[in-house]
Each structure stands twice: as structure tokens, then as C-alpha cells.
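Asks: For reference, this is my_file-v5.cif, and it has mmCIF, C-alpha atoms and all ligand atoms.
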```
data_data
loop_
_atom_site.label_atom_id
_atom_site.label_comp_id
_atom_site.auth_asym_id
_atom_site.auth_seq_id
_atom_site.Cartn_x
_atom_site.Cartn_y
_atom_site.Cartn_z
CA MET V 1 77.38 68.86 -22.08
CA TYR V 2 80.09 67.02 -20.23
CA LYS V 3 81.67 63.68 -21.00
CA HIS V 4 82.27 61.07 -18.34
CA VAL V 5 83.93 57.86 -19.49
CA SER V 6 82.53 54.96 -17.46
CA VAL V 7 85.16 52.81 -15.79
CA LEU V 8 85.16 48.98 -15.91
CA LEU V 9 81.86 49.22 -17.79
CA LYS V 10 81.72 45.75 -19.32
CA GLU V 11 83.25 44.03 -16.30
CA SER V 12 80.82 45.64 -13.84
CA ILE V 13 77.68 45.10 -15.93
CA ASP V 14 78.61 41.45 -16.63
CA SER V 15 79.25 40.98 -12.91
CA LEU V 16 75.71 42.08 -12.04
CA ASN V 17 74.40 38.93 -13.78
CA ILE V 18 71.35 40.86 -14.96
CA LYS V 19 67.93 39.15 -15.32
CA ASN V 20 65.66 40.90 -17.80
CA ASP V 21 62.85 41.25 -15.23
CA GLY V 22 65.06 42.12 -12.26
CA ILE V 23 65.11 45.14 -9.94
CA TYR V 24 68.46 46.95 -9.96
CA VAL V 25 69.95 49.95 -8.20
CA ASP V 26 72.68 52.22 -9.49
CA CYS V 27 73.83 54.08 -6.37
CA THR V 28 75.99 56.50 -8.39
CA LEU V 29 74.10 57.59 -11.49
CA GLY V 30 76.63 60.27 -12.57
CA GLY V 31 76.61 60.59 -16.36
CA GLY V 32 74.35 57.55 -16.62
CA GLY V 33 76.92 55.37 -18.38
CA HIS V 34 76.47 52.29 -16.22
CA SER V 35 72.74 52.92 -15.77
CA SER V 36 72.22 52.99 -19.54
CA GLU V 37 73.77 49.56 -19.93
CA ILE V 38 71.66 48.12 -17.11
CA LEU V 39 68.49 49.67 -18.52
CA LYS V 40 69.09 48.12 -21.95
CA GLN V 41 69.14 44.67 -20.35
CA ILE V 42 65.95 44.92 -18.25
CA PRO V 43 62.98 45.38 -20.60
CA LYS V 44 60.72 43.78 -17.98
CA GLY V 45 62.53 45.03 -14.89
CA HIS V 46 63.16 48.36 -13.17
CA LEU V 47 66.20 50.47 -12.35
CA TYR V 48 66.44 52.81 -9.37
CA CYS V 49 69.21 55.40 -9.68
CA PHE V 50 70.65 57.47 -6.85
CA ASP V 51 72.63 60.68 -7.11
CA GLN V 52 72.91 63.62 -4.77
CA ASP V 53 73.94 66.01 -7.52
CA ASP V 54 71.25 67.91 -9.43
CA TYR V 55 73.40 68.41 -12.51
CA ALA V 56 74.16 64.68 -12.83
CA ILE V 57 70.45 63.90 -12.51
CA GLU V 58 69.48 66.50 -15.11
CA VAL V 59 71.94 65.19 -17.71
CA ALA V 60 71.53 61.46 -17.02
CA SER V 61 67.72 61.52 -17.00
CA VAL V 62 67.70 62.76 -20.61
CA LYS V 63 70.12 60.00 -21.57
CA LEU V 64 68.13 57.23 -19.84
CA SER V 65 64.77 58.43 -21.22
CA LYS V 66 66.05 57.67 -24.72
CA ILE V 67 66.42 53.99 -23.75
CA SER V 68 63.20 53.24 -21.85
CA ASP V 69 61.04 54.50 -19.01
CA ASN V 70 61.72 51.58 -16.66
CA PHE V 71 63.70 53.75 -14.27
CA THR V 72 63.24 56.00 -11.27
CA ILE V 73 65.76 58.62 -10.23
CA ILE V 74 66.09 59.31 -6.52
CA LYS V 75 67.86 62.49 -5.50
CA SER V 76 69.35 61.36 -2.24
CA ASN V 77 72.53 60.19 -0.61
CA PHE V 78 73.05 56.47 -1.20
CA ALA V 79 73.45 56.16 2.56
CA ASN V 80 69.62 56.27 2.56
CA ILE V 81 69.22 53.43 0.04
CA LYS V 82 67.10 51.21 2.26
CA GLU V 83 64.76 53.93 3.51
CA GLU V 84 64.30 55.56 0.11
CA LEU V 85 63.50 52.25 -1.59
CA GLU V 86 61.14 51.22 1.21
CA ASP V 87 59.26 54.50 0.71
CA LEU V 88 58.68 53.38 -2.87
CA GLY V 89 57.53 49.94 -1.72
CA VAL V 90 60.75 48.18 -2.78
CA MET V 91 62.00 45.80 -0.09
CA LYS V 92 64.42 43.58 -2.05
CA VAL V 93 66.53 44.04 -5.17
CA ASP V 94 68.54 41.83 -7.54
CA GLY V 95 71.67 43.92 -7.91
CA ILE V 96 73.32 47.09 -6.69
CA LEU V 97 76.15 49.01 -8.33
CA TYR V 98 78.50 51.61 -6.86
CA ASP V 99 80.94 53.54 -9.05
CA LEU V 100 82.35 55.74 -6.33
CA GLY V 101 83.68 59.26 -6.19
CA VAL V 102 82.89 62.23 -8.32
CA SER V 103 82.12 62.57 -12.03
CA SER V 104 84.37 64.22 -14.58
CA PHE V 105 82.10 67.29 -14.60
CA HIS V 106 82.85 67.91 -10.93
CA PHE V 107 86.44 68.62 -11.97
CA ASP V 108 85.61 70.15 -15.35
CA ILE V 109 83.23 72.82 -14.03
CA PRO V 110 85.58 75.17 -12.12
CA GLU V 111 82.79 76.73 -10.03
CA ARG V 112 82.24 73.41 -8.27
CA GLY V 113 85.56 74.03 -6.53
CA PHE V 114 86.87 70.45 -6.80
CA SER V 115 89.88 71.11 -9.00
CA TYR V 116 93.25 72.39 -7.88
CA HIS V 117 93.97 73.31 -11.51
CA SER V 118 91.29 76.02 -11.70
CA ASP V 119 90.58 79.05 -9.57
CA ALA V 120 87.16 79.14 -7.97
CA LEU V 121 85.44 79.49 -4.62
CA LEU V 122 86.18 76.54 -2.36
CA ASP V 123 83.10 74.30 -2.46
CA MET V 124 83.46 70.53 -3.24
CA ARG V 125 79.87 69.65 -2.26
CA MET V 126 78.25 66.96 -4.39
CA ASP V 127 74.90 67.92 -2.88
CA GLN V 128 74.79 71.68 -3.27
CA THR V 129 71.99 72.04 -0.74
CA GLN V 130 74.28 70.72 1.98
CA GLN V 131 75.56 73.33 4.46
CA ILE V 132 79.14 72.15 4.97
CA SER V 133 81.47 72.97 2.08
CA ALA V 134 85.25 73.07 1.62
CA LEU V 135 85.07 76.67 2.82
CA THR V 136 83.68 75.47 6.16
CA VAL V 137 86.18 72.64 6.61
CA ILE V 138 89.21 74.76 5.72
CA ASN V 139 88.19 77.87 7.65
CA GLN V 140 86.44 76.41 10.68
CA TYR V 141 87.90 73.01 11.56
CA SER V 142 90.24 73.01 14.57
CA LEU V 143 93.94 72.19 14.35
CA ASN V 144 93.24 68.64 15.50
CA GLU V 145 90.34 68.14 13.11
CA LEU V 146 92.35 69.40 10.13
CA THR V 147 95.33 67.24 11.08
CA THR V 148 93.06 64.19 11.21
CA VAL V 149 91.44 65.01 7.85
CA PHE V 150 94.85 65.39 6.17
CA SER V 151 96.33 62.22 7.65
CA LYS V 152 93.25 59.97 7.55
CA TYR V 153 91.62 60.99 4.27
CA GLY V 154 94.67 62.18 2.31
CA GLU V 155 97.35 59.97 3.88
CA ILE V 156 99.47 63.14 3.98
CA THR V 157 102.81 62.51 5.69
CA TYR V 158 103.08 66.03 7.18
CA PRO V 159 99.47 66.59 8.38
CA LYS V 160 100.16 68.81 11.38
CA ARG V 161 102.59 71.05 9.52
CA LEU V 162 99.93 71.59 6.86
CA ALA V 163 97.16 72.16 9.41
CA VAL V 164 99.32 74.76 11.21
CA ALA V 165 99.94 76.54 7.89
CA VAL V 166 96.20 76.63 7.14
CA ILE V 167 95.40 78.06 10.58
CA LYS V 168 98.15 80.69 10.28
CA ALA V 169 96.89 81.79 6.85
CA ARG V 170 93.23 81.98 7.86
CA ASP V 171 94.12 83.98 11.00
CA GLU V 172 95.19 86.72 8.60
CA LYS V 173 92.39 86.36 6.07
CA VAL V 174 89.58 83.92 5.23
CA ILE V 175 90.78 81.30 2.70
CA ASN V 176 88.21 81.69 -0.06
CA THR V 177 89.51 80.18 -3.27
CA THR V 178 91.07 76.98 -4.54
CA GLN V 179 94.23 78.83 -5.64
CA GLU V 180 94.66 80.53 -2.24
CA PHE V 181 94.49 77.05 -0.73
CA VAL V 182 96.91 75.61 -3.31
CA ASP V 183 99.46 78.33 -2.45
CA ILE V 184 99.23 77.45 1.24
CA ILE V 185 99.70 73.75 0.43
CA LEU V 186 102.73 74.45 -1.80
CA ASP V 187 104.37 76.63 0.87
CA ALA V 188 103.83 74.02 3.59
CA THR V 189 104.98 71.00 1.58
CA PRO V 190 108.51 69.71 2.16
CA ALA V 191 110.67 69.94 -0.99
CA ALA V 192 111.18 66.15 -1.12
CA VAL V 193 107.41 65.56 -1.20
CA ARG V 194 106.89 68.21 -3.88
CA LYS V 195 109.11 66.20 -6.24
CA LYS V 196 106.62 63.29 -6.12
CA GLY V 197 103.79 65.09 -7.93
CA HIS V 198 101.45 67.97 -7.16
CA PRO V 199 100.90 67.94 -3.39
CA ALA V 200 97.43 69.51 -3.73
CA LYS V 201 96.05 66.33 -5.30
CA LYS V 202 95.88 64.33 -2.08
CA VAL V 203 95.03 67.35 0.06
CA PHE V 204 92.04 68.17 -2.17
CA GLN V 205 91.01 64.53 -1.99
CA ALA V 206 91.13 64.70 1.80
CA ILE V 207 88.97 67.83 1.96
CA ARG V 208 86.49 66.39 -0.55
CA ILE V 209 86.10 63.21 1.52
CA ALA V 210 85.52 65.29 4.65
CA VAL V 211 83.03 67.66 2.99
CA ASN V 212 80.93 64.81 1.62
CA ASP V 213 81.57 62.43 4.54
CA GLU V 214 82.35 59.86 1.87
CA LEU V 215 83.70 57.02 3.98
CA GLU V 216 80.95 57.02 6.61
CA VAL V 217 78.13 57.14 4.04
CA LEU V 218 79.73 54.25 2.16
CA LYS V 219 79.92 52.09 5.31
CA LYS V 220 76.27 52.80 6.14
CA SER V 221 75.13 52.19 2.59
CA LEU V 222 76.94 48.87 2.17
CA GLU V 223 75.41 47.58 5.37
CA SER V 224 71.93 48.42 4.06
CA SER V 225 72.67 47.07 0.59
CA LEU V 226 73.72 43.69 1.96
CA SER V 227 70.41 43.51 3.84
CA ILE V 228 68.15 44.15 0.83
CA LEU V 229 69.60 41.69 -1.69
CA ASN V 230 67.44 38.93 -3.09
CA GLN V 231 68.88 35.43 -3.41
CA LYS V 232 71.50 35.41 -6.18
CA GLY V 233 71.52 39.20 -5.98
CA ARG V 234 74.89 40.90 -6.30
CA ILE V 235 76.66 44.06 -5.17
CA VAL V 236 79.34 45.42 -7.50
CA ILE V 237 81.56 48.17 -6.18
CA ILE V 238 84.17 50.17 -8.09
CA SER V 239 86.47 52.24 -5.88
CA PHE V 240 89.23 54.71 -6.70
CA HIS V 241 91.44 54.85 -3.64
CA SER V 242 92.60 52.54 -0.91
CA LEU V 243 90.35 54.08 1.76
CA GLU V 244 87.20 53.19 -0.19
CA ASP V 245 88.52 49.79 -1.26
CA ARG V 246 89.35 48.94 2.35
CA ILE V 247 85.74 49.64 3.39
CA ALA V 248 84.37 47.45 0.59
CA LYS V 249 86.83 44.67 1.38
CA ARG V 250 85.99 44.74 5.09
CA ALA V 251 82.21 44.83 4.53
CA PHE V 252 82.39 41.86 2.16
CA ASN V 253 84.76 39.91 4.44
CA ASN V 254 82.38 40.40 7.36
CA ALA V 255 79.42 39.33 5.25
CA VAL V 256 80.99 36.01 4.23
CA LYS V 257 82.34 35.23 7.69
CA VAL V 258 80.67 32.45 9.64
CA ASP V 259 80.91 32.16 13.40
CA ILE V 260 81.60 28.65 14.62
CA PRO V 261 80.69 28.20 18.27
CA ARG V 262 83.83 27.28 20.23
CA GLY V 263 84.45 23.62 20.96
CA LEU V 264 81.98 22.28 18.40
CA PRO V 265 83.40 19.66 16.01
CA ILE V 266 82.21 21.57 12.91
CA LYS V 267 84.30 22.59 9.95
CA ASP V 268 84.02 26.07 8.49
CA SER V 269 82.78 24.55 5.22
CA ASP V 270 79.89 22.72 7.01
CA ILE V 271 78.13 25.98 7.88
CA PRO V 272 75.74 27.39 5.27
CA ARG V 273 76.84 30.81 4.14
CA GLU V 274 74.68 33.80 3.41
CA PHE V 275 77.10 35.45 0.98
CA ILE V 276 79.93 34.45 -1.30
CA LYS V 277 82.66 36.67 -2.71
CA ILE V 278 82.65 36.52 -6.52
CA THR V 279 86.01 38.32 -6.71
CA ARG V 280 88.73 36.91 -4.46
CA LYS V 281 91.05 39.72 -5.53
CA PRO V 282 89.78 43.05 -6.87
CA VAL V 283 89.38 43.30 -10.64
CA THR V 284 91.38 46.10 -12.24
CA PRO V 285 91.04 47.70 -15.69
CA THR V 286 92.96 46.38 -18.69
CA ASP V 287 96.02 48.24 -20.01
CA ASP V 288 93.90 49.36 -22.97
CA GLU V 289 91.36 50.97 -20.64
CA THR V 290 93.95 52.78 -18.52
CA THR V 291 95.68 54.07 -21.65
CA GLU V 292 92.37 55.46 -22.94
CA ASN V 293 91.15 56.77 -19.58
CA VAL V 294 93.63 58.00 -16.98
CA ARG V 295 90.88 58.08 -14.32
CA ALA V 296 90.61 54.28 -14.58
CA ARG V 297 94.18 53.74 -13.35
CA SER V 298 93.32 53.50 -9.68
CA ALA V 299 90.03 51.61 -10.12
CA LYS V 300 89.35 48.35 -8.27
CA MET V 301 86.17 46.32 -8.50
CA ARG V 302 84.81 43.87 -5.93
CA VAL V 303 81.69 41.71 -6.21
CA ILE V 304 79.65 39.77 -3.66
CA GLU V 305 76.59 37.51 -4.11
CA LYS V 306 73.80 36.56 -1.72
CA LEU V 307 73.30 32.80 -1.65
C1 LIG O 1 81.97 58.29 -10.70
S1 LIG O 1 80.41 59.05 -10.88
C2 LIG O 1 79.42 57.79 -11.59
C3 LIG O 1 79.53 57.69 -13.07
C4 LIG O 1 78.57 56.73 -13.72
N1 LIG O 1 78.73 55.38 -13.24
C5 LIG O 1 78.70 56.76 -15.23
O1 LIG O 1 79.10 55.75 -15.82
O2 LIG O 1 78.39 57.79 -15.83
C6 LIG O 1 79.81 59.11 -9.25
C7 LIG O 1 78.48 59.82 -9.10
O3 LIG O 1 77.94 59.43 -7.85
C8 LIG O 1 77.47 60.52 -7.13
N2 LIG O 1 77.67 60.21 -5.72
C9 LIG O 1 78.85 60.03 -5.09
N3 LIG O 1 78.64 59.75 -3.80
C10 LIG O 1 77.29 59.73 -3.61
C11 LIG O 1 76.46 59.49 -2.48
N4 LIG O 1 76.97 59.23 -1.28
N5 LIG O 1 75.13 59.52 -2.65
C12 LIG O 1 74.59 59.80 -3.88
N6 LIG O 1 75.33 60.06 -4.98
C13 LIG O 1 76.67 60.02 -4.85
C14 LIG O 1 78.27 61.72 -7.62
O4 LIG O 1 77.51 62.90 -7.50
C15 LIG O 1 78.57 61.34 -9.07
O5 LIG O 1 77.62 61.90 -9.95
#
```
Starting from the coordinates I provided, produce the structure as C-alpha cells.
Ligand SMILES: C[S@@+](CC[C@H](N)C(=O)[O-])C[C@H]1O[C@@H](n2cnc3c(N)ncnc32)[C@H](O)[C@@H]1O
Replies:
Amino acid sequence: MYKHVSVLLKESIDSLNIKNDGIYVDCTLGGGGHSSEILKQIPKGHLYCFDQDDYAIEVASVKLSKISDNFTIIKSNFANIKEELEDLGVMKVDGILYDLGVSSFHFDIPERGFSYHSDALLDMRMDQTQQISALTVINQYSLNELTTVFSKYGEITYPKRLAVAVIKARDEKVINTTQEFVDIILDATPAAVRKKGHPAKKVFQAIRIAVNDELEVLKKSLESSLSILNQKGRIVIISFHSLEDRIAKRAFNNAVKVDIPRGLPIKDSDIPREFIKITRKPVTPTDDETTENVRARSAKMRVIEKL
């Protein structure tokens, strides 16, 4: 059994403003920490939980069943939120939660290939039925594609140098394992960068984002989520790096924007808005939480409400 400590638990659940007969969606079930808290507060409502990982679903469903049976687990990418809910006859919901990224077990189970600390086959798929894995990205992407992945998803400052090193290594032999990849990263990293922490951290992040197409699915999902909220319904999103936070920030900024036709004597405040941002600045964990849980250090939470 694995342990995943939920981040910003109280803050996120309070921010959902839960009604006891409401319909809620947890887009990232994981270990079921957030879902459990929602479920406890909706004796007359229903919770729909998404995860694309079979192991997360297996573990969390046991946990949730001990609370009540007012929940449905959907094994699907949260990019499909609207379609999947429509298939179940659910057109509108009262709150949606995202706690992005991977669960602790993804790193703790070496065979999942997410951790640069263990040695395992390169994998990094959350959905293990998906074809593309880290093996595919590292061994088949072109020089340009790898350079883009490293710079865009890992914000690596020497992306081409690293991509060239990967191509050179795989020309000799397929790169199969996490440690083979770590060695290539260490060799290609300038000494000055190596002093700033383990260089594989950001490179693994970049590959993981590419394998799971994390940024594109988030954009698609947020667009759908905004369109299925009931009045007073809220979206709460917890992100763990600037790329995700930027997408949330942009989606919420666009949602609250009003277009004033040019030349009309109307003030911005005169136009009825569809959404309002509940958090002007992202909420971050307390010092106590980050001391207890290192994973919480980079967390940022944003909340929006439909008017
Ligand atoms: C950080 S964990 C969630 C932890 C959970 N909130 C808790 O308290 O236990 C994120 C979970 O979301 C899942 N996930 C990430 N991206 C997803 C996506 N695009 N579609 C479906 N599930 C996703 C992962 O498999 C993982 O189990």
C-alpha cells in the first residue's frame, strides 16, 4: 500500500464551497485523499472521479467505499471530462478539482520508470495502455523534437546539447533504462548547472510531460470544465510547476475577461461577468505543510467561480 499525502487539502476542499446535495468532480483521484473529503460532505450528492491509472483507481476505490457509495470512478483522461460525464447523463456540475501531476506511488514503484533515483525500464506512462512511453520519446523523437521537449517542458538551458548527446548514445545502443538515461544527462550537463541540483530532475519532468501530453490535456480539460459549471460552481486547481500554473492562470483570465465593443461609453464594471476569480494570487501551502511534505513546496492553487 502506498502513501500519498494530499497537498493543500483543507484549502482546496474549503474553496469548493461544497453543498451536501451537489455534483462534484475530482479530475485527479490518485490516492483518493481529496475525494474522501469531498465524499464526506455530500451525503445527498454525487462525486465523479477521474484517473487514467489503474493502480490509483484500485487503491482509491477501496478507500472511498468505506465512506459511502455516492461516487463513480471513470477510468479516462480528464481531457474527456465533458464527453464522459455526458455519457452518464451529467450535463452540469457544482465543482471540479484538479490536483495535477503524478502520485507518490508513481515515483515509489521503480517499475513505473518515473524516478531518476531507481533503475528501471523507461516508461513514465500514467495510462499503461497508452502506446507512447518514455522509451519512445527518448529513442524515436528527432533532434528538433527532443530539443523542444527539453527546453519547453523542462526549461533546460542547454536543450540542444542534451538532445545531441541522446541521439549520439542511442545511435550506439537503444537507451532502455532510467539509469542509462541519467548517465547521458550527467555527461551532457555543464559543470556549473550540475552544482545547482540533480540535472535529471527537470529532464525527467520534461519527458514525463511529453509522454503524457500533460499541458495539452490540461488546456482541453479546463475549457470543458468551464463550460459545464452550474451557477456558483467552482473550479479549484492545484499545480506543481510554472508551466501548469501558467495554463490555469491564462484559462481563468480569459474566462473573466469581458469584451467591450470599441467606442461604446461603457465601463468594464457595467458588463455582467460570467466568471469571477476567487483567488487573485495563487494560494500556497503554509510553512508547516511544506516542512511536513516536501512535495507541497511548489504547489499553487487557483480558484474560479461561475456567476
Ligand atoms: C497528484 S495525484 C492526486 C492525488 C489526490 N488528490 C490525493 O489526494 O490522493 C494525481 C493523479 O491524477 C492522475 N492524473 C494525472 N493527469 C491525469 C489526466 N490527464 N487524466 C486522468 N488522470 C490524471 C494521476 O494518475 C494521479 O493518480
Asks: Output the neighbourhood of ligand LIG 1 (chain O) as a compact mmCIF listing (two decimals) with C-alpha atoms, keeping the file's coordinate frame, that is, all protein and nucleic acid residues with some atom at most 7 Å from the ligand, counting only C-alpha atoms and all ligand atoms.
Replies:
```
# COMPACT_ATOMS: atom_id res chain seq x y z
CA HIS V 4 82.27 61.07 -18.34
CA VAL V 5 83.93 57.86 -19.49
CA SER V 6 82.53 54.96 -17.46
CA VAL V 7 85.16 52.81 -15.79
CA CYS V 27 73.83 54.08 -6.37
CA THR V 28 75.99 56.50 -8.39
CA LEU V 29 74.10 57.59 -11.49
CA GLY V 30 76.63 60.27 -12.57
CA GLY V 31 76.61 60.59 -16.36
CA GLY V 32 74.35 57.55 -16.62
CA GLY V 33 76.92 55.37 -18.38
CA HIS V 34 76.47 52.29 -16.22
CA SER V 35 72.74 52.92 -15.77
CA PHE V 50 70.65 57.47 -6.85
CA ASP V 51 72.63 60.68 -7.11
CA GLN V 52 72.91 63.62 -4.77
CA ASP V 53 73.94 66.01 -7.52
CA ALA V 56 74.16 64.68 -12.83
CA SER V 76 69.35 61.36 -2.24
CA ASN V 77 72.53 60.19 -0.61
CA PHE V 78 73.05 56.47 -1.20
CA ALA V 79 73.45 56.16 2.56
CA ASP V 99 80.94 53.54 -9.05
CA LEU V 100 82.35 55.74 -6.33
CA GLY V 101 83.68 59.26 -6.19
CA VAL V 102 82.89 62.23 -8.32
CA SER V 103 82.12 62.57 -12.03
CA MET V 126 78.25 66.96 -4.39
CA GLU V 214 82.35 59.86 1.87
CA VAL V 217 78.13 57.14 4.04
CA LEU V 218 79.73 54.25 2.16
```
Asks: Given the choices V:Lys75, V:Lys196, V:Arg297, V:Arg280, which gets closest to V:Tyr48 if the distance is worked out from all atoms listed in the file?
Replies: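 Once distances to V:Tyr48 are computed over all atoms listed in the file, the minimum belongs to V:Lys75.
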Asks: Between V:Lys281, V:Lys92, V:Lys202, V:His106, which has the minimum distance to V:His241 (counting only C-alpha atoms)?
Replies: V:Lys202
Asks: Give me the residues within 8 Å of V:Leu215 as a PyMOL selection string, counting all atoms listed in the file and dropping any in the same chain fewer than 4 places off.
Replies: chain V and resi 209+219+243-244+247
Asks: Quick one: 6 Å padding each side, axis-aligned, all listed atoms of stretch 40-53 of chain V - centre and edge lengths in Å to one decimal, as JSON?
Replies:
```
{"center_x": 67.3, "center_y": 54.9, "center_z": -13.4, "size_x": 25.2, "size_y": 34.2, "size_z": 29.2}
```
Asks: Looking at all atoms listed in the file, which of V:Glu58, V:Glu305, V:Glu289, V:Asp268 is the one that sits closest to V:Leu226?
Replies: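 Using all atoms listed in the file, V:Leu226 sits closest to V:Glu305.
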Asks: Report, in Å to a single decimal, how far apart atom CA of V:Val236 and atom CA of V:Ile73 are.
Replies: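 The value is 19.1 Å.
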Asks: Excluding V:Val93 and any residue of its chain fewer than 3 positions from it, enumerate the residues within 6 Å of it, using only C-alpha atoms, and give them as a list in words.
Replies: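 Here the answer would be Ile23, Tyr24, Leu229 and Asn230 of chain V.
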Asks: Give me, as a list in words, all polymer residues having an atom no more than 9 Å from V:Val193, counting all atoms listed in the file and skipping those fewer than 5 positions away in the same chain.
Replies: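 Surrounding residues, per the criterion: Thr157, His198 and Pro199 of chain V.
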Asks: If we count only C-alpha atoms, what is near V:Asp94 at a cut-off of 9 Å, once residues fewer than 5 positions away on the same chain are taken out, given as a ChimeraX atom specification?
Replies: /V:16,18-19,22-25,228-235
Asks: Please produce, as a tab-separated table, a per-residue contact table for stretch 192-247 of chain V versus stretch 133-139 of chain V (criterion: any atom at most 9 Å away, only C-alpha atoms considered), showing the nearest atom pair and its distance in Å to one decimal, sorted by chain then residue number.
Replies:
```
residue	atom	partner	partner_atom	distance
V:Ile207	CA	V:Ala134	CA	6.4
V:Arg208	CA	V:Ala134	CA	7.1
V:Ala210	CA	V:Val137	CA	7.6
V:Val211	CA	V:Ser133	CA	5.6
V:Asn212	CA	V:Ser133	CA	8.2
```
Asks: Could you save the residues just selected, with C-alpha atoms, as a PDB file, keeping the file's coordinate frame?
Replies:
```pdb
ATOM      1  CA  ILE V 207      88.970  67.830   1.960  1.00  0.00           C
ATOM      2  CA  ARG V 208      86.490  66.390  -0.550  1.00  0.00           C
ATOM      3  CA  ALA V 210      85.520  65.290   4.650  1.00  0.00           C
ATOM      4  CA  VAL V 211      83.030  67.660   2.990  1.00  0.00           C
ATOM      5  CA  ASN V 212      80.930  64.810   1.620  1.00  0.00           C
TER       6      ASN V 212
END
```
Asks: Figure out the distance between atom CA of V:Cys49 and atom CA of V:Leu8, please, to one decimal in Å.
Replies: 18.3 Å
Asks: Taking all atoms listed in the file into account, name the residue in V:Val256, V:Tyr158, V:Lys267, V:Ile237 that is nearest to V:Thr284.
Replies: V:Ile237
Asks: Out of V:Ala120, V:Gly89, V:Asn253, V:Val203, which residue has the shortest atom-to-atom distance to V:Thr148 when counting all atoms listed in the file?
Replies: V:Val203
Asks: Which distance in Å separates atom CA of V:Ile167 and atom CA of V:Leu143, to one decimal?
Replies: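 According to the coordinates, atom CA of V:Ile167 and atom CA of V:Leu143 are separated by 7.1 Å.
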Asks: Write out as a list in words which residues come within 12 Å of V:Glu180 when counting all atoms listed in the file, dropping same-chain ones fewer than 2 positions away.
Replies: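 Once the adjacent positions are removed, what remains is Gly113, Tyr116, His117, Ser118, Asp119, Ala120, Leu121, Leu122, Leu135, Ile138, Val166, Ala169, Arg170, Lys173, Val174, Ile175, Asn176, Thr177, Thr178, Val182, Asp183, Ile184, Ile185, Leu186, Asp187 and Ala200 of chain V.
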Asks: Selection from above, C-alpha atoms, as an mmCIF file, in the frame of the given file, can you write it?
Replies:
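Dumped to result_35.cif:
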```
data_model
loop_
_atom_site.group_PDB
_atom_site.id
_atom_site.type_symbol
_atom_site.label_atom_id
_atom_site.label_comp_id
_atom_site.auth_asym_id
_atom_site.auth_seq_id
_atom_site.Cartn_x
_atom_site.Cartn_y
_atom_site.Cartn_z
ATOM 1 C CA GLY V 113 85.560 74.030 -6.530
ATOM 2 C CA TYR V 116 93.250 72.390 -7.880
ATOM 3 C CA HIS V 117 93.970 73.310 -11.510
ATOM 4 C CA SER V 118 91.290 76.020 -11.700
ATOM 5 C CA ASP V 119 90.580 79.050 -9.570
ATOM 6 C CA ALA V 120 87.160 79.140 -7.970
ATOM 7 C CA LEU V 121 85.440 79.490 -4.620
ATOM 8 C CA LEU V 122 86.180 76.540 -2.360
ATOM 9 C CA LEU V 135 85.070 76.670 2.820
ATOM 10 C CA ILE V 138 89.210 74.760 5.720
ATOM 11 C CA VAL V 166 96.200 76.630 7.140
ATOM 12 C CA ALA V 169 96.890 81.790 6.850
ATOM 13 C CA ARG V 170 93.230 81.980 7.860
ATOM 14 C CA LYS V 173 92.390 86.360 6.070
ATOM 15 C CA VAL V 174 89.580 83.920 5.230
ATOM 16 C CA ILE V 175 90.780 81.300 2.700
ATOM 17 C CA ASN V 176 88.210 81.690 -0.060
ATOM 18 C CA THR V 177 89.510 80.180 -3.270
ATOM 19 C CA THR V 178 91.070 76.980 -4.540
ATOM 20 C CA VAL V 182 96.910 75.610 -3.310
ATOM 21 C CA ASP V 183 99.460 78.330 -2.450
ATOM 22 C CA ILE V 184 99.230 77.450 1.240
ATOM 23 C CA ILE V 185 99.700 73.750 0.430
ATOM 24 C CA LEU V 186 102.730 74.450 -1.800
ATOM 25 C CA ASP V 187 104.370 76.630 0.870
ATOM 26 C CA ALA V 200 97.430 69.510 -3.730
#
```
Asks: Could you tell me which of V:Lys195, V:Arg161, V:Arg302, V:Arg125 comes closest to V:Leu97 if we count all atoms listed in the file?
Replies: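 Checking each of V:Lys195, V:Arg161, V:Arg302, V:Arg125 against V:Leu97, counting all atoms listed in the file, the winner is V:Arg302.
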